[in-house]
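Let me begin by presenting the structure, written as structure tokens, before commenting on it.
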Amino acid sequence: MTEQPMKDEETQLAALYGDLAAVDLHPLWTITRDLLPPAPRPRSVPWLWSSEVLTELAERALRLVPVERGGERRVLSLGNPGLGGLPYAAGTLWGAIQCLGPGETAPAHRHTPGAIRFILSGDGVATTVDGDVCDMHPGDLILTPSWNWHDHSSASDGPMLWFDGLDLPMIEALDAVFFEPYPDVRQPDSDPHNRSEREAGPGPRFVSGAVRDVLTTEHSPLLVYRWQDTDRELSRLAAESGEPLVSIEFVSPETGASVLPTMNCAMHRLVPGARTLPVRRTGNGVFVVHRGSGSSVIEGQRFDWSAGDMFVVPSWAAAEHASEEGADLFSIGDSPVLRALGIHRELALDAHQQVTGVFTPAALRPKDSVGV
Ligand code: GTQ
Ligand code: FE2
């Protein structure tokens with residue numbers, strides 16, 4: 001640092017700022033970006049991609065672009081316009097539509113980001129997960145947990161489309177992305193298929209309602225959740241509860257924890273005529289409309305949706321849902337991480353956005369306010 005001759009205060013201050021910048025130090029009092037906002041201000045915005053647009057473009061890619069080693073997958077990623085060109089649906093979540101044509105194989109690889117597939121249309125594709133061939137049918141959920149080898153192979157005469165959800169942006173933010181190609185294009189076939197499904201214990205595969213605090217670093221040993229089971233559980237709960245919305249989370253039958261340590265998967269059924277009150281939650285969410293139609297108001301913005309549409313609810317956005325004909329929504333979220341870190345919060349709101357309920361870890365609850 002240069003020696004300062006006697007100068008007036010302004011000159012000394014200017015020199016101080018210059019010297020700080022020269023050695024990569026930032027005085028906090030001059031930082032203009034809001035480092036500590038009173039509540040989360042995600043860069044991602046509420047957004048929707050329609051099924052019509054997604055499938056038309058996926059089908060064109062299917063005709064024009066082969067699936068090969070290097071590119072690895074025929075995937076169109078949801079790029080949230082709030083994220084300045086990043087190919088991420090939200091700050092912590094990757095969402096995409098993937099398609100595979102007749103007889104094609106998307107080559108085997110593994111990576112530290114974990115992934116889930118929610119099947120949209122077609123049949124005859126299987127994802128092999130660490131040697132276990134998992135057959136995929138519309139409405140099924142398939143897991144490919146962190147560092148598990150996975151390839152997708154079609155034995156079909158038609159195309160297949162599915163939704164991919166990954167925790168990739170989160171793992172990237174943690175500077176912990178590793179990737180490795182498998183030595184061959186495909187893993188050997190396991191026979192019979194769907195081993196995880198046959199060997200899964202009798203524990204429940206879904207939970208509903210209550211806030212859970214089952215935290216683990218293990219993924220679910222069950223890799224496949226069939227639509228028939230999901231549908232049956234939703235029907236049972238809808239009949240039993242009489243509520244406009246029933247939500248179930250897919251869980252490990254062994255531990256009751258979320259399917260992956262970093263990501264949860266849920267299915268929501270809106271009964272005909274349903275209209276929910278708004279809720280704010282920490283954690284980003286990506287939704288896929290599985291069946292029916294309806295609308296969501298997300299931070300004041302209304303989105304009308306129908307089967308195959310995908311939309312983003314950013315962290316802390318007030319979100320409410322409605323459906324005339326009834327609908328089933330699949331969703332992924334990053335809340336297991338927030339829960340593990342003790343920073344998950346949830347506010348129930350009334351129709352005027354006034355707080356009616358607060359759900360936060362006790363340690364977080366301010367002594368004299370509702371914790372907004
Ligand atoms: O299917 O393995 O959407 O590795 C992004 C990265 C899908 C996959 C994606 C992937 C995959
Ligand atoms: Fe992958």
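Letters A, B, ... go to the chains of the structure tokens in the order shown; residues in each chain start at 1; ligands are counted from 1 in the same order.
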
Just the alpha helix (DSSP H) stuff from segment 78-186 of chain A, please, per backbone DSSP, written as a short mmCIF file (atom, residue, chain, number, x, y, z; two decimals) with N, CA and C atoms, in the first residue's frame.
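Once everything was written out, this is selection_28.cif:
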data_model
loop_
_atom_site.label_atom_id
_atom_site.label_comp_id
_atom_site.auth_asym_id
_atom_site.auth_seq_id
_atom_site.Cartn_x
_atom_site.Cartn_y
_atom_site.Cartn_z
N LEU A 168 -29.26 -30.29 -10.65
CA LEU A 168 -28.00 -29.82 -11.23
C LEU A 168 -27.60 -28.40 -10.82
N PRO A 169 -28.48 -27.40 -10.91
CA PRO A 169 -28.04 -26.04 -10.52
C PRO A 169 -27.61 -25.95 -9.05
N MET A 170 -28.27 -26.74 -8.20
CA MET A 170 -27.91 -26.75 -6.78
C MET A 170 -26.51 -27.35 -6.59
N ILE A 171 -26.27 -28.48 -7.26
CA ILE A 171 -24.97 -29.15 -7.12
C ILE A 171 -23.88 -28.29 -7.75
N GLU A 172 -24.24 -27.59 -8.83
CA GLU A 172 -23.27 -26.68 -9.45
C GLU A 172 -22.94 -25.52 -8.50
N ALA A 173 -23.97 -24.98 -7.82
CA ALA A 173 -23.73 -23.88 -6.87
C ALA A 173 -22.81 -24.34 -5.74
#

Requested in this report: Return as a ChimeraX atom specification the residues of protein, DNA or RNA that approach ligand 1 to within 10 Å, with only C-alpha atoms and all ligand atoms taken into account.
Outcome: /A:71-78,94-99,106-117,127,144,149-152,162-168,179

Could those residues be written to a file, using C-alpha atoms, as an mmCIF file, in the first residue's frame?
data_model
loop_
_atom_site.group_PDB
_atom_site.id
_atom_site.type_symbol
_atom_site.label_atom_id
_atom_site.label_comp_id
_atom_site.auth_asym_id
_atom_site.auth_seq_id
_atom_site.Cartn_x
_atom_site.Cartn_y
_atom_site.Cartn_z
ATOM 1 C CA GLY A 71 -24.516 -34.681 -26.574
ATOM 2 C CA GLU A 72 -25.784 -37.642 -24.523
ATOM 3 C CA ARG A 73 -29.484 -36.777 -24.499
ATOM 4 C CA ARG A 74 -32.177 -35.262 -26.745
ATOM 5 C CA VAL A 75 -33.311 -32.829 -24.100
ATOM 6 C CA LEU A 76 -34.912 -29.390 -24.296
ATOM 7 C CA SER A 77 -34.235 -27.655 -21.000
ATOM 8 C CA LEU A 78 -36.614 -25.130 -19.490
ATOM 9 C CA TRP A 94 -33.270 -28.288 -13.869
ATOM 10 C CA GLY A 95 -36.451 -29.134 -15.714
ATOM 11 C CA ALA A 96 -36.621 -30.479 -19.265
ATOM 12 C CA ILE A 97 -38.514 -32.493 -21.822
ATOM 13 C CA GLN A 98 -36.619 -35.512 -23.125
ATOM 14 C CA CYS A 99 -37.558 -37.615 -26.137
ATOM 15 C CA ALA A 106 -29.293 -42.507 -24.828
ATOM 16 C CA PRO A 107 -25.794 -43.626 -23.733
ATOM 17 C CA ALA A 108 -24.976 -44.705 -20.175
ATOM 18 C CA HIS A 109 -23.291 -42.250 -17.825
ATOM 19 C CA ARG A 110 -23.369 -41.082 -14.228
ATOM 20 C CA HIS A 111 -23.135 -37.734 -12.476
ATOM 21 C CA THR A 112 -23.374 -36.324 -8.977
ATOM 22 C CA PRO A 113 -26.574 -34.407 -9.720
ATOM 23 C CA GLY A 114 -29.582 -36.628 -9.037
ATOM 24 C CA ALA A 115 -32.460 -36.935 -11.483
ATOM 25 C CA ILE A 116 -36.058 -38.032 -11.700
ATOM 26 C CA ARG A 117 -38.224 -38.826 -14.746
ATOM 27 C CA THR A 127 -34.094 -46.562 -17.983
ATOM 28 C CA THR A 144 -31.803 -41.976 -11.130
ATOM 29 C CA TRP A 149 -25.192 -45.286 -13.917
ATOM 30 C CA HIS A 150 -28.127 -44.656 -16.218
ATOM 31 C CA ASP A 151 -29.050 -45.100 -19.878
ATOM 32 C CA HIS A 152 -32.394 -44.915 -21.650
ATOM 33 C CA TRP A 162 -40.827 -37.568 -20.478
ATOM 34 C CA PHE A 163 -40.052 -34.788 -18.026
ATOM 35 C CA ASP A 164 -36.569 -34.679 -16.470
ATOM 36 C CA GLY A 165 -35.994 -33.011 -13.106
ATOM 37 C CA LEU A 166 -32.459 -32.603 -11.785
ATOM 38 C CA ASP A 167 -30.812 -30.850 -8.850
ATOM 39 C CA LEU A 168 -28.000 -29.816 -11.226
ATOM 40 C CA PHE A 179 -19.582 -36.672 -14.581
#

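Distances to Glu243 of chain A were evaluated for A:Pro159, A:Pro46, A:Gly273, A:Gly256 using only C-alpha atoms, and the minimum falls at A:Gly273.
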
Query raised in the report: Restricting the calculation to only C-alpha atoms and all ligand atoms, which member of A:Gly70, A:Pro244, A:Gly342, A:Pro138 is positioned closest to ligand 2?
Result: A:Gly70

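Minimum distance to ligand 2 across A:Glu180, A:Asp123, A:Asp350, A:Asp231 (counting only C-alpha atoms and all ligand atoms) occurs at A:Glu180.
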
Requested in this report: Assign secondary structure with DSSP using the backbone only, and return the residues of segment 276-368 of chain A in strand (DSSP E or B) as a VMD selection string.
Outcome: chain A and resid 279 to 281 285 to 298 301 to 306 310 to 313 319 to 323 327 to 333 346 to 349 355 to 359

Go ahead and save the picked residues with C-alpha atoms, as a tab-separated table (two decimals), in the first residue's frame.
chain	number	residue	atom	x	y	z
A	279	VAL	CA	-49.32	-20.45	0.15
A	280	ARG	CA	-45.75	-19.18	0.29
A	281	ARG	CA	-42.92	-21.66	0.74
A	285	GLY	CA	-40.88	-25.90	-7.52
A	286	VAL	CA	-41.40	-27.16	-11.06
A	287	PHE	CA	-44.85	-28.52	-11.91
A	288	VAL	CA	-45.99	-30.83	-14.71
A	289	VAL	CA	-49.70	-31.08	-15.48
A	290	HIS	CA	-50.46	-34.79	-15.74
A	291	ARG	CA	-54.22	-34.71	-16.27
A	292	GLY	CA	-57.02	-32.16	-16.60
A	293	SER	CA	-56.83	-28.39	-16.78
A	294	GLY	CA	-56.99	-25.39	-14.50
A	295	SER	CA	-55.12	-22.26	-13.52
A	296	SER	CA	-52.59	-21.04	-10.99
A	297	VAL	CA	-52.00	-17.54	-9.69
A	298	ILE	CA	-48.31	-17.23	-8.89
A	301	GLN	CA	-49.72	-13.64	-12.31
A	302	ARG	CA	-52.33	-16.01	-13.70
A	303	PHE	CA	-51.34	-19.05	-15.76
A	304	ASP	CA	-53.94	-21.27	-17.43
A	305	TRP	CA	-52.72	-24.80	-17.93
A	306	SER	CA	-53.69	-28.19	-19.31
A	310	MET	CA	-44.85	-27.27	-17.25
A	311	PHE	CA	-44.61	-24.29	-14.91
A	312	VAL	CA	-42.33	-22.84	-12.26
A	313	VAL	CA	-43.22	-21.60	-8.79
A	319	ALA	CA	-49.20	-19.69	-5.28
A	320	GLU	CA	-52.83	-20.78	-5.49
A	321	HIS	CA	-54.44	-23.29	-7.80
A	322	ALA	CA	-57.92	-23.85	-9.23
A	323	SER	CA	-59.57	-26.36	-11.52
A	327	ALA	CA	-56.57	-32.05	-12.40
A	328	ASP	CA	-53.46	-33.94	-11.31
A	329	LEU	CA	-50.19	-32.02	-10.99
A	330	PHE	CA	-46.78	-33.61	-10.57
A	331	SER	CA	-44.07	-31.50	-8.91
A	332	ILE	CA	-40.42	-31.50	-7.95
A	333	GLY	CA	-38.87	-29.28	-5.30
A	346	GLU	CA	-44.18	-21.86	4.92
A	347	LEU	CA	-46.95	-19.31	5.22
A	348	ALA	CA	-50.62	-20.00	4.71
A	349	LEU	CA	-52.46	-16.94	3.35
A	355	VAL	CA	-51.07	-14.58	6.88
A	356	THR	CA	-53.24	-17.21	8.54
A	357	GLY	CA	-50.64	-19.80	9.46
A	358	VAL	CA	-46.88	-19.98	9.97
A	359	PHE	CA	-44.78	-23.10	9.62

Requested in this report: Could you tell me how far atom CA of His193 of chain A lies from atom CA of Val133 of chain A, in Å and to one decimal?
Outcome: 4.9 Å

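In this comparison, which uses only C-alpha atoms, the residue of A:Leu86, A:Leu54, A:Leu223, A:Ala351 approaching Asp140 of chain A most closely is A:Leu223.
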
Query raised in the report: Near segment 195-198 of chain A, within 9 Å and counting only C-alpha atoms, which residues show up once chain neighbours fewer than 3 positions away are dropped, as a PyMOL selection string?
Result: chain A and resi 132-134+190-192+201+221-225

Query raised in the report: Using only C-alpha atoms and all ligand atoms, which of A:Val23, A:Val129, A:Ile31, A:Leu270 sits nearest ligand 2?
Result: A:Val129

Requested in this report: Measure the distance from atom CA of Asn284 of chain A to atom CA of Gln228 of chain A in Å and round it to one decimal.
Outcome: 27.3 Å

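Among A:Arg63, A:Arg69, A:His26, A:Arg43, the residue with the shortest atom-to-atom distance to ligand 2, counting only C-alpha atoms and all ligand atoms, is A:Arg69.
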
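Take atom CA of Gly79 of chain A and atom CA of Ala274 of chain A: the distance between them is 29.9 Å.
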